[in-house]
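Student: Once you've had a glance at the structure underneath, I'll fire off some questions.
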Amino acid sequence: MQYSSREMMTIAAAREIDDGATVFCGTGLSMLAAVAAKKITAPNSVIFFETGAIDSRLEEIPMAVADPRVMHGACINTSMLEAFAFMQNRSTGKNVIGILGAAQIDPYGNLNTTCIGSYSKPKVRFPGSGGGCDVTSFVPKSIIFMQQEKRKFVERLDYMTSPGYLSGGNSREQAGLPGGGPGAVVTNMGILRFDPDSKRMYLSGCYQGITPEMIEAKTGFVIETSQAIPVPPPTAEELTILRTRCDPQRLICN
């Protein structure tokens, strides 16, 4: 079956979600990946939103986290304060996975969703953190969606909105942040992960038809590629469920 790069990214991210995990997601691809995980790879996962809906049915893809459809069939509809408290709780939040996107990412998984250029006189101003800083600071694992481009994969961020592994090594722990950090970066070309010791990003896998050299050419810093292996393409079953049960109206992956 033919598939688009957005479908590949969605399935790749869904495979990163463990069964039984609690998934904190935003809109767009991150929401679709969470829904795909629940319907394909992680049926016992629980999706929740910063607007307070926990374990919704999500029979249709909401257009935003404030869309009333995120509350349909939820086990509880609470407040934003309680949603973030749930995410940060050391007992209930230990299996939480956050899914985020960003304008820039550096070699250690730090994210910029604030501005391009200086903060006081930016070339481009973005929405800012939202809950992104809270998510990357407190959840045990985060999955990052990115387009593989040099202007997005940069050696140094124009502004750090959300912390990853800071300057690498144990710098995250030294800064007082709990354990965790980004687990995977899912792009339109492959999957990148972080070395367990240095915490620097490396290429883990390439999609069908993509080579490590092609990804290197789209990355704005030196990246290790020797561990890269082919990422299996979506199966016919995964694509059928994604298209008919997760996003039948083709709102995200058209």
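Within each chain, counting starts at residue 1; across the structure tokens, chains are named A, B, ... in the order shown, with ligands numbered 1 upward in that order.
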Just want the 10 Å neighbourhood of Gln88 (chain A), counted on only C-alpha atoms, with same-chain residues fewer than 5 positions away dropped. Output as a VMD selection string.
Tutor: chain A and resid 82 to 83 93 to 94 96 134 to 135 137 to 140
Student: Name the residues of region 13-250 of chain A that come out as helix (DSSP H, G or I) in a backbone DSSP run; write them as an MDAnalysis selection string.
Tutor: chainID A and resid 13:15 29:41 68:71 80:88 132:138 171:174 212:216 236:246
Student: What does the structure give for the distance between CA of Phe24 (chain A) and CA of Gly168 (chain A), in Å to one decimal?
Tutor: 24.7 Å
Student: So that I can check the surroundings of Lys121 (chain A), please list as a list in words every protein, DNA and RNA residue that reaches within 12 Å of it, counting only C-alpha atoms and ignoring chain neighbours fewer than 5 positions away.
Tutor: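 Those residues are Cys115, Ile116 and Asp158 of chain A.
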Student: Restricting the output to N, CA and C atoms, write the selected residues as a short mmCIF file (atom, residue, chain, number, x, y, z; two decimals), in the first residue's frame.
Tutor:
```
data_model
loop_
_atom_site.label_atom_id
_atom_site.label_comp_id
_atom_site.auth_asym_id
_atom_site.auth_seq_id
_atom_site.Cartn_x
_atom_site.Cartn_y
_atom_site.Cartn_z
N CYS A 115 10.80 31.89 19.26
CA CYS A 115 11.13 32.89 18.25
C CYS A 115 12.35 32.47 17.44
N ILE A 116 12.45 33.04 16.24
CA ILE A 116 13.66 32.95 15.43
C ILE A 116 14.29 34.33 15.44
N ASP A 158 17.93 29.55 18.89
CA ASP A 158 17.77 30.99 19.05
C ASP A 158 17.17 31.32 20.41
#
```
Student: Could you give me, as an MDAnalysis selection string, the residues within 10 Å of Ala14 (chain A), counting only C-alpha atoms and dropping anything in the same chain fewer than 2 positions from it?
Tutor: chainID A and resid 8:12 16:18 30 32:42 143
Student: Name the residues in contact with Glu149 (chain A) at a cut-off of 8 Å, using only C-alpha atoms, excluding same-chain residues fewer than 4 positions from it; report them as a PyMOL selection string.
Tutor: chain A and resi 153+218-220
Student: Print the selection's residues with C-alpha atoms to a file, as a short mmCIF file (atom, residue, chain, number, x, y, z; two decimals), in the first residue's frame.
Tutor:
```
data_model
loop_
_atom_site.label_atom_id
_atom_site.label_comp_id
_atom_site.auth_asym_id
_atom_site.auth_seq_id
_atom_site.Cartn_x
_atom_site.Cartn_y
_atom_site.Cartn_z
CA PHE A 153 18.08 21.00 13.40
CA LYS A 218 19.36 17.97 6.15
CA THR A 219 20.87 18.33 9.64
CA GLY A 220 22.58 21.51 10.83
#
```
Student: Can you work out which one of A:Leu203, A:Gly132, A:Thr161, A:Cys246 has the shortest atom-to-atom distance to Gln148 (chain A), counting only C-alpha atoms?
Tutor: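 Checking each of A:Leu203, A:Gly132, A:Thr161, A:Cys246 against Gln148 (chain A), counting only C-alpha atoms, the winner is A:Leu203.
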